[in-house]
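Participant: I have a structure I would like to understand better, so I am pasting it below and will then ask my questions one at a time.
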Amino acid sequence: MQAKYDTILVLDFGGQYCHLIGRRIREHGVYSEIVPHDISPEEIAALNQKFNVKGLIFSGGPSSVYEPNAPKLHPRILEVNLPILGLCYGHQLLAQLTGSKVEPATCKEYGIAQVAIDKPVGVLEGLSEKEQVWMSHGDTVFTPPPEFEALAHTENCPVAAFRHKTKPIYGLQWHPEVIHTENGMRMLQNFIFQVCKCQANWQMEDLIGKMVKELQTETAGSRAIIGLSGGIDSSVATALAAQALGDKLTAVFVDHGFMREGEPEQIRETFQKYPINFVVANAQERFMQKLKGVVEPETKRKVIGEEFIRVFEEIANESGAEYLIQGTIYPDRIESGFRKNSDKIKSHHNVAGLPEKIKFKKILEPLRDLYKDEVRKVARMLDLPKEIVNRQPFPGPGLAVRIIGELTEEKVTIGKKADKIVREEIERNGLAENLWQYFAVVTDTKATGVKGDARAYGYVVAVRAMESREAMTASFAKIPYPVLEKISTRITNEIPQVTRVVYDVTHKPPATIEWE
Ligand code: XMP
């Protein structure tokens, strides 16, 4: 029998990075489950039948602990006597629950902060006197609770970290799970292995078998179709579904007309080689028709999400498929606001963009708990070709969310040409490998220029290049000026309708990667 995995439970208070905590724990070879914030000691005991629960992490969240409807812990949660780590909101809640006061900070901290480590013990063992951390909070713990001691402070936050004097309970005001916290992995490692005494007995390979089996159980011999865009997520989902369903699977590539130049042909070429049923739906006209007059970005995403489903339904009708499989990954779901206490950022086409009425028995999403780089690992384990594994992520709605305002044939053509130039120059200069995404955005602003001694009035194109590990946070890339200059010169020379090129220098947060 498979030994029970040592497991850390992450109590979900709705923070954008909650799931990332689970993922960072998995990176240490330790299993992790995300559970509701008000899980009871009895429910934890029940989970212990399946797993070896070794510790609890309270996640961050968008609420303030003193709001009337703020999500709370189960009142007997501290009685379970497991090691606890509270993060951000979880840290404040722990303080409140153990008798300290949480108040609005005199100066709110968002982004990178310097923290002074006063006592490098327990979770903070091995850290330097000064550490760079990622903060995002409006409230602060001003004094440690009676049985606790402070371990760290910042300029505006006197108790940035604390611990119980005798029990393995810790709180951190910052987010160790976010890569901008330089030694965040070390902090989590200290908690997992030193404080919780976990053994690293879980690995990624265990997931593949689990996902294939789940697809087989769910479809129970019926036919299914899968949306295949040629991106890494849907390609991996297709490979898994092909293992699970064999010839009962039809993969559908919807060409909505907003793909990058040359891409539909490339996808056709790659996937026609595989022993799967592969169908191309030429849907350019119907998408453009539905998007006529649509300006608002969320409406745009929803119209696209619905039209995808309608195309899938028509093909399912022909092939007798009852299930729809999608390559949805975790960040798509979190940004679409599927959790009770988290904010909706944008409707990813395959999640919140779905229509209410769907003619499928069920939508199956084998990758729903994974991040992009984990999907890449699975892709390598499945031996998918390099050009798919290393392809930069491309949103399902395609260039439609990179063309601001109403879509017109002219703007789509500009978008495709500009995107091609950005790709060519970034790749030619050897910069692609270190970038998460690089693309062009056709803004809805026009600007005056001078071309060939004559006044010109044309589009402003924005160039965006981002570095990231999993798209939950991202930094704009410091592209060398000569490369930006080449991109700008080529775009304004080769696309007559463009008079100006700007470079987007905004991180995520506060911006998102895509403009819409
Ligand atoms: P944002 O713009 O939310 O993007 O910071 C995060 C990552 O998700 C991709 N993205 C999407 N992918 N359907 C997708 O399949 C969508 O509707 C969608 N919207 C954004 C985006 O390209 C980035 O990698």
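By order of appearance in the structure tokens: chains A, B, ..., then residues from 1 within every chain, and ligands from 1 in the order shown.
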What residues of the protein or nucleic acid chains come within 9 Å of ligand 1 when you use only C-alpha atoms and all ligand atoms? Reply as a PyMOL selection string.
Facilitator: chain A and resi 229+231+233-234+301+304-305+327-329+331-332+335-336+345-353+372+392-398+401+436-437+470-474+508-509+511-516
Participant: Mind checking DSSP for segment 25-224 of chain A and telling me the strand (DSSP E) residues as a PyMOL selection string?
Facilitator: chain A and resi 31-36+52-58+84-87+102-117+130-141+148-153+161-164+169-172+224
Participant: What is the distance, in Å and to one decimal place, between atom CA of Ala456 of chain A and atom CA of Lys292 of chain A?
Facilitator: 27.1 Å
Participant: Would you write out, as CSV, a table of all residues in segment 158-218 of chain A that have an atom no more than 7 Å from an atom of segment 88-108 of chain A, listing for each the closest atom pair and the distance in Å to one decimal, considering only C-alpha atoms and ordering rows by chain and rising residue number?
Facilitator:
```
residue,atom,partner,partner_atom,distance
A:Gly171,CA,A:His91,CA,4.5
A:Leu172,CA,A:His91,CA,5.7
A:Gln173,CA,A:Cys88,CA,4.3
A:Trp174,CA,A:Cys88,CA,5.6
A:His175,CA,A:Cys88,CA,6.7
```
Participant: Would you mind listing what lies within 12 Å of segment 201-203 of chain A as a CSV table (one decimal) with N, CA, C and O atoms, in the first residue's frame, with only C-alpha atoms counted and same-chain residues fewer than 3 positions away left out?
Facilitator:
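For reference, around-v7.csv as written:
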```csv
chain,number,residue,atom,x,y,z
A,2,GLN,N,0.4,2.3,-0.7
A,2,GLN,CA,1.2,3.5,-0.8
A,2,GLN,C,1.2,4.2,0.6
A,2,GLN,O,0.2,4.3,1.3
A,3,ALA,N,2.4,4.6,1.1
A,3,ALA,CA,2.5,5.2,2.4
A,3,ALA,C,1.7,6.5,2.4
A,3,ALA,O,1.6,7.1,1.3
A,4,LYS,N,1.2,6.9,3.5
A,4,LYS,CA,0.5,8.2,3.6
A,4,LYS,C,1.5,9.3,3.4
A,4,LYS,O,2.6,9.3,4.0
A,5,TYR,N,1.2,10.3,2.6
A,5,TYR,CA,2.1,11.4,2.4
A,5,TYR,C,2.0,12.3,3.6
A,5,TYR,O,1.0,12.6,4.1
A,6,ASP,N,3.2,12.8,4.0
A,6,ASP,CA,3.2,13.9,5.0
A,6,ASP,C,2.6,15.1,4.4
A,6,ASP,O,3.0,15.4,3.2
A,7,THR,N,1.7,15.8,5.0
A,7,THR,CA,0.9,16.8,4.4
A,7,THR,C,0.8,18.1,5.2
A,7,THR,O,0.7,18.0,6.4
A,8,ILE,N,0.8,19.2,4.5
A,8,ILE,CA,0.6,20.5,5.2
A,8,ILE,C,-0.8,21.0,4.6
A,8,ILE,O,-1.0,21.0,3.4
A,23,ARG,N,1.7,25.1,-3.6
A,23,ARG,CA,2.6,24.7,-4.7
A,23,ARG,C,4.1,24.8,-4.2
A,23,ARG,O,4.9,23.9,-4.6
A,25,ILE,N,5.1,24.3,-1.3
A,25,ILE,CA,5.3,23.1,-0.4
A,25,ILE,C,5.5,21.9,-1.2
A,25,ILE,O,6.5,21.1,-1.0
A,26,ARG,N,4.8,21.7,-2.3
A,26,ARG,CA,5.0,20.6,-3.2
A,26,ARG,C,6.4,20.6,-3.8
A,26,ARG,O,7.0,19.6,-4.0
A,27,GLU,N,6.9,21.9,-4.0
A,27,GLU,CA,8.3,22.0,-4.6
A,27,GLU,C,9.3,21.4,-3.7
A,27,GLU,O,10.4,21.0,-4.1
A,28,HIS,N,8.9,21.3,-2.4
A,28,HIS,CA,9.8,20.7,-1.4
A,28,HIS,C,9.6,19.2,-1.3
A,28,HIS,O,10.1,18.6,-0.4
A,29,GLY,N,8.8,18.6,-2.1
A,29,GLY,CA,8.5,17.2,-2.1
A,29,GLY,C,7.6,16.8,-1.0
A,29,GLY,O,7.5,15.7,-0.5
A,30,VAL,N,6.8,17.8,-0.5
A,30,VAL,CA,5.8,17.5,0.6
A,30,VAL,C,4.4,17.8,0.0
A,30,VAL,O,4.2,18.8,-0.7
A,31,TYR,N,3.5,16.9,0.3
A,31,TYR,CA,2.1,17.1,-0.3
A,31,TYR,C,1.4,18.2,0.5
A,31,TYR,O,1.7,18.5,1.7
A,32,SER,N,0.5,18.9,-0.2
A,32,SER,CA,-0.3,19.9,0.4
A,32,SER,C,-1.7,20.0,-0.1
A,32,SER,O,-1.9,19.8,-1.3
A,51,PHE,N,-4.2,11.2,4.8
A,51,PHE,CA,-2.8,11.9,4.8
A,51,PHE,C,-2.3,11.8,6.2
A,51,PHE,O,-3.0,11.6,7.2
A,52,ASN,N,-1.0,12.3,6.2
A,52,ASN,CA,-0.4,12.4,7.5
A,52,ASN,C,-0.3,13.9,7.8
A,52,ASN,O,0.7,14.5,7.4
A,193,PHE,N,10.2,21.4,7.5
A,193,PHE,CA,11.1,20.3,7.9
A,193,PHE,C,11.5,20.4,9.4
A,193,PHE,O,11.6,19.4,10.1
A,198,CYS,N,8.4,17.2,8.7
A,198,CYS,CA,7.9,16.5,7.5
A,198,CYS,C,9.0,15.7,6.9
A,198,CYS,O,10.1,16.1,6.9
A,206,ASP,N,3.6,11.2,-9.4
A,206,ASP,CA,2.4,10.6,-8.8
A,206,ASP,C,1.2,11.3,-9.4
A,206,ASP,O,0.1,10.7,-9.4
A,207,LEU,N,1.3,12.5,-9.8
A,207,LEU,CA,0.2,13.2,-10.3
A,207,LEU,C,-0.3,12.7,-11.7
A,207,LEU,O,-1.5,12.7,-11.9
A,208,ILE,N,0.6,12.3,-12.6
A,208,ILE,CA,0.2,11.9,-13.9
A,208,ILE,C,-0.8,10.8,-13.9
A,208,ILE,O,-1.9,10.9,-14.4
A,209,GLY,N,-0.5,9.7,-13.2
A,209,GLY,CA,-1.4,8.6,-13.0
A,209,GLY,C,-2.7,9.0,-12.4
A,209,GLY,O,-3.8,8.6,-12.9
A,210,LYS,N,-2.6,9.9,-11.4
A,210,LYS,CA,-3.9,10.3,-10.8
A,210,LYS,C,-4.8,11.1,-11.8
A,210,LYS,O,-6.0,10.8,-11.8
A,374,GLU,N,4.7,24.0,-13.4
A,374,GLU,CA,4.4,22.6,-13.1
A,374,GLU,C,3.9,21.8,-14.3
A,374,GLU,O,4.3,20.7,-14.6
A,377,LYS,N,6.7,20.9,-16.4
A,377,LYS,CA,7.4,19.7,-15.9
A,377,LYS,C,6.6,18.4,-16.4
A,377,LYS,O,7.3,17.4,-16.8
A,378,VAL,N,5.3,18.4,-16.3
A,378,VAL,CA,4.5,17.3,-16.7
A,378,VAL,C,4.7,17.1,-18.2
A,378,VAL,O,4.9,16.0,-18.7
```
Participant: When you draw a straight line from atom CA of Lys420 of chain A to atom CA of Ala379 of chain A, how long is it in Å?
Facilitator: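 Spanning atom CA of Lys420 of chain A to atom CA of Ala379 of chain A is a straight-line distance of 25.8 Å.
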Participant: Using backbone DSSP assignments, extract all helix (DSSP H, G or I) residues from segment 97-343 of chain A; output them as a VMD selection string.
Facilitator: chain A and resid 97 122 to 124 184 to 195 205 to 219 232 to 248 263 to 272 284 to 290 297 to 319 330 to 335
